[in-house]
Amino acid sequence: MSGSRSVVLVTGASRGIGRSAALAFARAGFDVVVNYAASGAQAAGVVSEVEKLGVSALALGADVADDAAVRRMIARVEDAFGRLDVLIANAGTTIDTVPTDLEGVSVDAWDRVFAVNVRGLFVTVRACVPLLRRSPIASIVTTCSVAGIRPGPQPLPYAASKGAVANLTKTLAGALGPDIRVNGVAPGWMVGEWMEHQLGENYDRLMERRAKMTPLKRVATPDDVAESMLSLAVGHPFVTGDIVVVDGGFTSVT
């Protein structure tokens with residue numbers, strides 16, 4: 001597969017933001033590595049969608065919380081493509097416990113959220129850095145959340161882990177510059193299964209209300225977030241250490 005096209009690795013790419021990011025970069029002419037943890041069939045579907053856009057794609061399974069698995073994945077990226085230009089560090093997880101239910105958060109659940117969302121970000125970045133340093137356009141984009149930069153009704157370990165992602169994004173920008181730029185996106189409420197699960201039977205009503213309260217009069221889509229990721233990776237060469245909120249202006253005016 002080695003060639004002249006730039007290569008992007010998208011973690012957690014089998015659905016949602018990750019899938020949209022994979023397709024956005026494919027449309028921009030990147031070869032795409034589709035990482036997944038358990039959803040191999042869905043990842044294969046994303047690979048098929050990417051290849052229809054005229055670029056190469058490869059699905060690689062790895063739990064980002066597993067350092068050894070991540071290092072094996074990056075070795076396979078190098079073997080297949082010989083390069084890596086952009087890392088979209090998107091893999092994440094959460095739990096269902098409401099923030100007022102402190103006793104409902106088990107230590108194991110807390111640790112798993114942090115293992116994927118925070119340790120997973122670190123070990124993936126660390127494994128990718130040697131390849132990224134060879135690229136003239138090296139860039140990392142993390143998936144943060146508005147829950148990581150302001151209080152909200154999100155599960156406690158999720159919100160705290162995304163706060164850590166925000167800090168890591170900025171700290172890594174200082175540590176890896178000038179060779180590698182590091183930025184993040186912080187989606188707000190977004191259409192799709194994540195919010196459907198969070199809001200349950202109130203999904204339609206609450207999403208409609210949020211849209212009315214948003215300056216752009218709708219909530220975000222995975223494609224909106226993916227376009228911001230692409231823009232940060234390839235279109236802003238003098239921007240690093242920034243976190244772009246993708247919520248139609250809601251957090252700016254409320």
# chains A, B, ... in the order shown; residues from 1 in each chain; ligands from 1
>>> residues_around(residues="A:Thr254", least_positions_apart="5", cutoff="10 Å", atoms="only C-alpha atoms", output="ChimeraX atom specification")
/A:213-214,249
>>> residues_around(residues="A:Phe238", least_positions_apart="4", cutoff="10 Å", atoms="only C-alpha atoms", output="list in words")
Pro178, Arg181 and Leu232 of chain A
>>> closest_atom_pairs(of="stretch 39-113 of chain A", to="stretch 134-152 of chain A", cutoff="9 Å", atoms="only C-alpha atoms", output="JSON lines")
{"residue": "A:Arg83", "atom": "CA", "partner": "A:Ser135", "partner_atom": "CA", "distance": 7.5}
{"residue": "A:Leu84", "atom": "CA", "partner": "A:Ser135", "partner_atom": "CA", "distance": 6.9}
{"residue": "A:Asp85", "atom": "CA", "partner": "A:Ala138", "partner_atom": "CA", "distance": 4.9}
{"residue": "A:Val86", "atom": "CA", "partner": "A:Ser139", "partner_atom": "CA", "distance": 4.9}
{"residue": "A:Leu87", "atom": "CA", "partner": "A:Ile140", "partner_atom": "CA", "distance": 4.8}
{"residue": "A:Ile88", "atom": "CA", "partner": "A:Val141", "partner_atom": "CA", "distance": 4.9}
{"residue": "A:Ala89", "atom": "CA", "partner": "A:Thr142", "partner_atom": "CA", "distance": 4.7}
{"residue": "A:Asn90", "atom": "CA", "partner": "A:Thr143", "partner_atom": "CA", "distance": 5.0}
{"residue": "A:Ala91", "atom": "CA", "partner": "A:Thr143", "partner_atom": "CA", "distance": 7.9}
{"residue": "A:Gly92", "atom": "CA", "partner": "A:Thr143", "partner_atom": "CA", "distance": 8.3}
{"residue": "A:Pro99", "atom": "CA", "partner": "A:Gly152", "partner_atom": "CA", "distance": 8.8}
>>> atom_distance(atom1="atom CA of A:Val125", atom2="atom CA of A:Gly16")
21.1 Å
>>> residues_around(residues="A:Thr97", least_positions_apart="3", cutoff="9 Å", atoms="only C-alpha atoms", output="list in words")
Thr100, Asp101, Leu102, Gly104, Val105, Gln154, Pro155 and Leu156 of chain A
>>> write_last_selection(atoms="C-alpha atoms", output="PDB file, in the first residue's frame")
ATOM      1  CA  THR A 100     -25.378  12.911  41.270  1.00  0.00           C
ATOM      2  CA  ASP A 101     -25.026   9.163  41.855  1.00  0.00           C
ATOM      3  CA  LEU A 102     -21.554   9.005  43.358  1.00  0.00           C
ATOM      4  CA  GLY A 104     -23.163   4.274  41.427  1.00  0.00           C
ATOM      5  CA  VAL A 105     -19.676   4.756  39.980  1.00  0.00           C
ATOM      6  CA  GLN A 154     -22.231  14.108  32.035  1.00  0.00           C
ATOM      7  CA  PRO A 155     -21.074  11.054  34.026  1.00  0.00           C
ATOM      8  CA  LEU A 156     -18.328  12.059  36.431  1.00  0.00           C
TER       9      LEU A 156
END
>>> residues_around(residues="stretch 30-45 of chain A", least_positions_apart="3", cutoff="9 Å", atoms="only C-alpha atoms", output="PDB file with N, CA and C atoms, in the first residue's frame")
ATOM      1  N   ARG A   5       0.503   9.233  -1.125  1.00  0.00           N
ATOM      2  CA  ARG A   5      -0.566   9.925  -0.423  1.00  0.00           C
ATOM      3  C   ARG A   5      -0.260  10.029   1.065  1.00  0.00           C
ATOM      4  N   SER A   6      -0.755  11.098   1.667  1.00  0.00           N
ATOM      5  CA  SER A   6      -0.658  11.233   3.113  1.00  0.00           C
ATOM      6  C   SER A   6      -1.535  10.175   3.776  1.00  0.00           C
ATOM      7  N   VAL A   7      -1.196   9.832   5.020  1.00  0.00           N
ATOM      8  CA  VAL A   7      -1.889   8.769   5.752  1.00  0.00           C
ATOM      9  C   VAL A   7      -2.411   9.302   7.076  1.00  0.00           C
ATOM     10  N   VAL A   8      -3.653   8.958   7.381  1.00  0.00           N
ATOM     11  CA  VAL A   8      -4.252   9.333   8.654  1.00  0.00           C
ATOM     12  C   VAL A   8      -4.654   8.063   9.400  1.00  0.00           C
ATOM     13  N   LEU A   9      -4.406   8.044  10.694  1.00  0.00           N
ATOM     14  CA  LEU A   9      -4.915   6.998  11.581  1.00  0.00           C
ATOM     15  C   LEU A   9      -6.038   7.601  12.408  1.00  0.00           C
ATOM     16  N   VAL A  10      -7.203   6.979  12.353  1.00  0.00           N
ATOM     17  CA  VAL A  10      -8.348   7.430  13.143  1.00  0.00           C
ATOM     18  C   VAL A  10      -8.676   6.340  14.151  1.00  0.00           C
ATOM     19  N   THR A  11      -8.533   6.651  15.442  1.00  0.00           N
ATOM     20  CA  THR A  11      -8.898   5.654  16.446  1.00  0.00           C
ATOM     21  C   THR A  11     -10.393   5.750  16.733  1.00  0.00           C
ATOM     22  N   GLY A  12     -10.972   4.614  17.099  1.00  0.00           N
ATOM     23  CA  GLY A  12     -12.422   4.594  17.311  1.00  0.00           C
ATOM     24  C   GLY A  12     -13.181   4.982  16.071  1.00  0.00           C
ATOM     25  N   ALA A  13     -12.799   4.388  14.926  1.00  0.00           N
ATOM     26  CA  ALA A  13     -13.298   4.858  13.627  1.00  0.00           C
ATOM     27  C   ALA A  13     -14.429   4.021  13.063  1.00  0.00           C
ATOM     28  N   SER A  14     -14.969   3.079  13.824  1.00  0.00           N
ATOM     29  CA  SER A  14     -15.991   2.207  13.258  1.00  0.00           C
ATOM     30  C   SER A  14     -17.370   2.846  13.202  1.00  0.00           C
ATOM     31  N   ARG A  15     -17.559   3.975  13.885  1.00  0.00           N
ATOM     32  CA  ARG A  15     -18.868   4.627  13.893  1.00  0.00           C
ATOM     33  C   ARG A  15     -18.727   6.072  14.362  1.00  0.00           C
ATOM     34  N   GLY A  18     -15.643   9.072  14.532  1.00  0.00           N
ATOM     35  CA  GLY A  18     -14.508   8.403  13.900  1.00  0.00           C
ATOM     36  C   GLY A  18     -14.789   8.016  12.465  1.00  0.00           C
ATOM     37  N   ARG A  19     -15.957   7.448  12.203  1.00  0.00           N
ATOM     38  CA  ARG A  19     -16.328   7.098  10.837  1.00  0.00           C
ATOM     39  C   ARG A  19     -16.372   8.337   9.962  1.00  0.00           C
ATOM     40  N   ALA A  22     -12.874   9.466   9.164  1.00  0.00           N
ATOM     41  CA  ALA A  22     -12.242   8.616   8.158  1.00  0.00           C
ATOM     42  C   ALA A  22     -12.689   9.010   6.752  1.00  0.00           C
ATOM     43  N   LEU A  23     -13.982   9.251   6.583  1.00  0.00           N
ATOM     44  CA  LEU A  23     -14.507   9.610   5.268  1.00  0.00           C
ATOM     45  C   LEU A  23     -14.086  11.011   4.851  1.00  0.00           C
ATOM     46  N   ALA A  24     -14.030  11.948   5.806  1.00  0.00           N
ATOM     47  CA  ALA A  24     -13.607  13.314   5.479  1.00  0.00           C
ATOM     48  C   ALA A  24     -12.168  13.335   4.983  1.00  0.00           C
ATOM     49  N   PHE A  25     -11.301  12.598   5.659  1.00  0.00           N
ATOM     50  CA  PHE A  25      -9.895  12.566   5.227  1.00  0.00           C
ATOM     51  C   PHE A  25      -9.747  11.812   3.907  1.00  0.00           C
ATOM     52  N   ALA A  26     -10.543  10.782   3.696  1.00  0.00           N
ATOM     53  CA  ALA A  26     -10.501  10.077   2.419  1.00  0.00           C
ATOM     54  C   ALA A  26     -10.889  11.004   1.275  1.00  0.00           C
ATOM     55  N   ARG A  27     -11.937  11.802   1.483  1.00  0.00           N
ATOM     56  CA  ARG A  27     -12.344  12.757   0.447  1.00  0.00           C
ATOM     57  C   ARG A  27     -11.253  13.789   0.188  1.00  0.00           C
ATOM     58  N   SER A  48     -14.693  -0.160   3.425  1.00  0.00           N
ATOM     59  CA  SER A  48     -15.333  -0.239   2.105  1.00  0.00           C
ATOM     60  C   SER A  48     -15.783   1.137   1.630  1.00  0.00           C
ATOM     61  N   GLU A  49     -16.371   1.923   2.526  1.00  0.00           N
ATOM     62  CA  GLU A  49     -16.799   3.273   2.170  1.00  0.00           C
ATOM     63  C   GLU A  49     -15.612   4.143   1.766  1.00  0.00           C
ATOM     64  N   VAL A  50     -14.514   4.026   2.501  1.00  0.00           N
ATOM     65  CA  VAL A  50     -13.318   4.818   2.211  1.00  0.00           C
ATOM     66  C   VAL A  50     -12.758   4.433   0.850  1.00  0.00           C
ATOM     67  N   GLU A  51     -12.659   3.153   0.595  1.00  0.00           N
ATOM     68  CA  GLU A  51     -12.060   2.706  -0.668  1.00  0.00           C
ATOM     69  C   GLU A  51     -12.879   3.143  -1.872  1.00  0.00           C
ATOM     70  N   VAL A  55      -9.136   5.903  -2.414  1.00  0.00           N
ATOM     71  CA  VAL A  55      -7.902   5.836  -1.640  1.00  0.00           C
ATOM     72  C   VAL A  55      -7.815   4.467  -0.973  1.00  0.00           C
ATOM     73  N   SER A  56      -6.685   4.190  -0.352  1.00  0.00           N
ATOM     74  CA  SER A  56      -6.487   2.918   0.332  1.00  0.00           C
ATOM     75  C   SER A  56      -6.942   3.018   1.777  1.00  0.00           C
ATOM     76  N   ALA A  57      -7.367   1.889   2.323  1.00  0.00           N
ATOM     77  CA  ALA A  57      -7.806   1.855   3.714  1.00  0.00           C
ATOM     78  C   ALA A  57      -7.426   0.517   4.330  1.00  0.00           C
ATOM     79  N   LEU A  58      -7.232   0.545   5.643  1.00  0.00           N
ATOM     80  CA  LEU A  58      -6.841  -0.649   6.380  1.00  0.00           C
ATOM     81  C   LEU A  58      -7.503  -0.604   7.744  1.00  0.00           C
ATOM     82  N   ALA A  59      -8.196  -1.676   8.120  1.00  0.00           N
ATOM     83  CA  ALA A  59      -8.804  -1.764   9.448  1.00  0.00           C
ATOM     84  C   ALA A  59      -7.852  -2.504  10.379  1.00  0.00           C
ATOM     85  N   LEU A  60      -7.585  -1.916  11.531  1.00  0.00           N
ATOM     86  CA  LEU A  60      -6.692  -2.526  12.514  1.00  0.00           C
ATOM     87  C   LEU A  60      -7.359  -2.514  13.880  1.00  0.00           C
ATOM     88  N   GLY A  61      -7.518  -3.675  14.461  1.00  0.00           N
ATOM     89  CA  GLY A  61      -8.107  -3.768  15.783  1.00  0.00           C
ATOM     90  C   GLY A  61      -7.071  -3.585  16.865  1.00  0.00           C
ATOM     91  N   ALA A  62      -7.376  -2.736  17.823  1.00  0.00           N
ATOM     92  CA  ALA A  62      -6.506  -2.540  18.987  1.00  0.00           C
ATOM     93  C   ALA A  62      -7.261  -1.745  20.027  1.00  0.00           C
ATOM     94  N   ASP A  63      -7.230  -2.210  21.263  1.00  0.00           N
ATOM     95  CA  ASP A  63      -7.751  -1.452  22.396  1.00  0.00           C
ATOM     96  C   ASP A  63      -6.719  -0.388  22.729  1.00  0.00           C
ATOM     97  N   VAL A  64      -7.073   0.885  22.585  1.00  0.00           N
ATOM     98  CA  VAL A  64      -6.088   1.940  22.776  1.00  0.00           C
ATOM     99  C   VAL A  64      -5.550   2.006  24.202  1.00  0.00           C
ATOM    100  N   MET A  73      -0.072  -2.098  16.452  1.00  0.00           N
ATOM    101  CA  MET A  73      -0.864  -1.439  15.420  1.00  0.00           C
ATOM    102  C   MET A  73      -0.017  -0.444  14.628  1.00  0.00           C
ATOM    103  N   VAL A  77       0.992  -0.141  10.657  1.00  0.00           N
ATOM    104  CA  VAL A  77       0.820   1.064   9.834  1.00  0.00           C
ATOM    105  C   VAL A  77       2.097   1.351   9.057  1.00  0.00           C
ATOM    106  N   PHE A  81       2.116   1.292   5.031  1.00  0.00           N
ATOM    107  CA  PHE A  81       2.139   2.577   4.344  1.00  0.00           C
ATOM    108  C   PHE A  81       3.503   3.263   4.348  1.00  0.00           C
ATOM    109  N   ALA A  91     -10.836   7.652  19.949  1.00  0.00           N
ATOM    110  CA  ALA A  91     -11.424   6.557  20.725  1.00  0.00           C
ATOM    111  C   ALA A  91     -11.802   7.035  22.127  1.00  0.00           C
TER     112      ALA A  91
END
>>> atom_distance(atom1="atom CA of A:Ala160", atom2="atom CA of A:Thr93")
12.3 Å
>>> select_by_dssp(residues="stretch 12-153 of chain A", states="strand (DSSP E)", output="number ranges by chain")
A: 31-36, 57-61, 86-89, 139-143
>>> select_by_dssp(residues="stretch 5-212 of chain A", states="alpha helix (DSSP H)", output="ChimeraX atom specification")
/A:16-27,40-51,67-81,107-114,120-132,156-176,193-199,203-212
>>> residues_around(residues="A:His197", least_positions_apart="6", cutoff="12 Å", atoms="only C-alpha atoms", output="ChimeraX atom specification")
/A:94-97,190-191,203-204
>>> write_last_selection(atoms="N, CA and C atoms", output="short mmCIF file (atom, residue, chain, number, x, y, z; two decimals), in the first residue's frame")
data_model
loop_
_atom_site.label_atom_id
_atom_site.label_comp_id
_atom_site.auth_asym_id
_atom_site.auth_seq_id
_atom_site.Cartn_x
_atom_site.Cartn_y
_atom_site.Cartn_z
N THR A 94 -17.64 5.80 27.94
CA THR A 94 -18.27 6.44 29.09
C THR A 94 -19.07 5.40 29.85
N ILE A 95 -19.80 5.84 30.87
CA ILE A 95 -20.72 4.97 31.61
C ILE A 95 -22.07 5.66 31.65
N ASP A 96 -23.05 5.00 32.22
CA ASP A 96 -24.42 5.53 32.21
C ASP A 96 -24.82 6.25 33.49
N THR A 97 -23.96 6.26 34.49
CA THR A 97 -24.34 6.79 35.79
C THR A 97 -24.47 8.32 35.77
N MET A 190 -24.78 16.28 20.02
CA MET A 190 -24.59 15.83 18.64
C MET A 190 -25.64 14.78 18.31
N VAL A 191 -26.19 14.87 17.11
CA VAL A 191 -27.18 13.88 16.69
C VAL A 191 -26.52 12.51 16.62
N TYR A 203 -35.06 12.09 23.82
CA TYR A 203 -34.09 12.51 22.81
C TYR A 203 -34.65 13.58 21.86
N ASP A 204 -35.74 13.30 21.19
CA ASP A 204 -36.26 14.23 20.19
C ASP A 204 -36.63 15.57 20.82
#
>>> atom_distance(atom1="atom CA of A:Gly248", atom2="atom CA of A:Val116")
27.5 Å
>>> closest_residue(among="A:Ala127, A:Leu121, A:Ala159, A:Ala166", to="A:Val185", atoms="only C-alpha atoms")
A:Ala166
>>> closest_atom_pairs(of="stretch 140-213 of chain A", to="stretch 218-224 of chain A", cutoff="10 Å", atoms="only C-alpha atoms", output="JSON lines")
{"residue": "A:Pro187", "atom": "CA", "partner": "A:Ala220", "partner_atom": "CA", "distance": 7.4}
{"residue": "A:Gly188", "atom": "CA", "partner": "A:Ala220", "partner_atom": "CA", "distance": 7.0}
{"residue": "A:Trp189", "atom": "CA", "partner": "A:Val219", "partner_atom": "CA", "distance": 6.1}
{"residue": "A:Met190", "atom": "CA", "partner": "A:Ala220", "partner_atom": "CA", "distance": 4.6}
{"residue": "A:Val191", "atom": "CA", "partner": "A:Thr221", "partner_atom": "CA", "distance": 5.4}
{"residue": "A:Gly192", "atom": "CA", "partner": "A:Thr221", "partner_atom": "CA", "distance": 7.6}
{"residue": "A:Met207", "atom": "CA", "partner": "A:Val219", "partner_atom": "CA", "distance": 7.2}
{"residue": "A:Glu208", "atom": "CA", "partner": "A:Arg218", "partner_atom": "CA", "distance": 7.8}
{"residue": "A:Arg209", "atom": "CA", "partner": "A:Arg218", "partner_atom": "CA", "distance": 9.4}
{"residue": "A:Arg210", "atom": "CA", "partner": "A:Val219", "partner_atom": "CA", "distance": 7.0}
{"residue": "A:Ala211", "atom": "CA", "partner": "A:Arg218", "partner_atom": "CA", "distance": 4.1}
{"residue": "A:Lys212", "atom": "CA", "partner": "A:Arg218", "partner_atom": "CA", "distance": 7.0}
{"residue": "A:Met213", "atom": "CA", "partner": "A:Arg218", "partner_atom": "CA", "distance": 8.6}
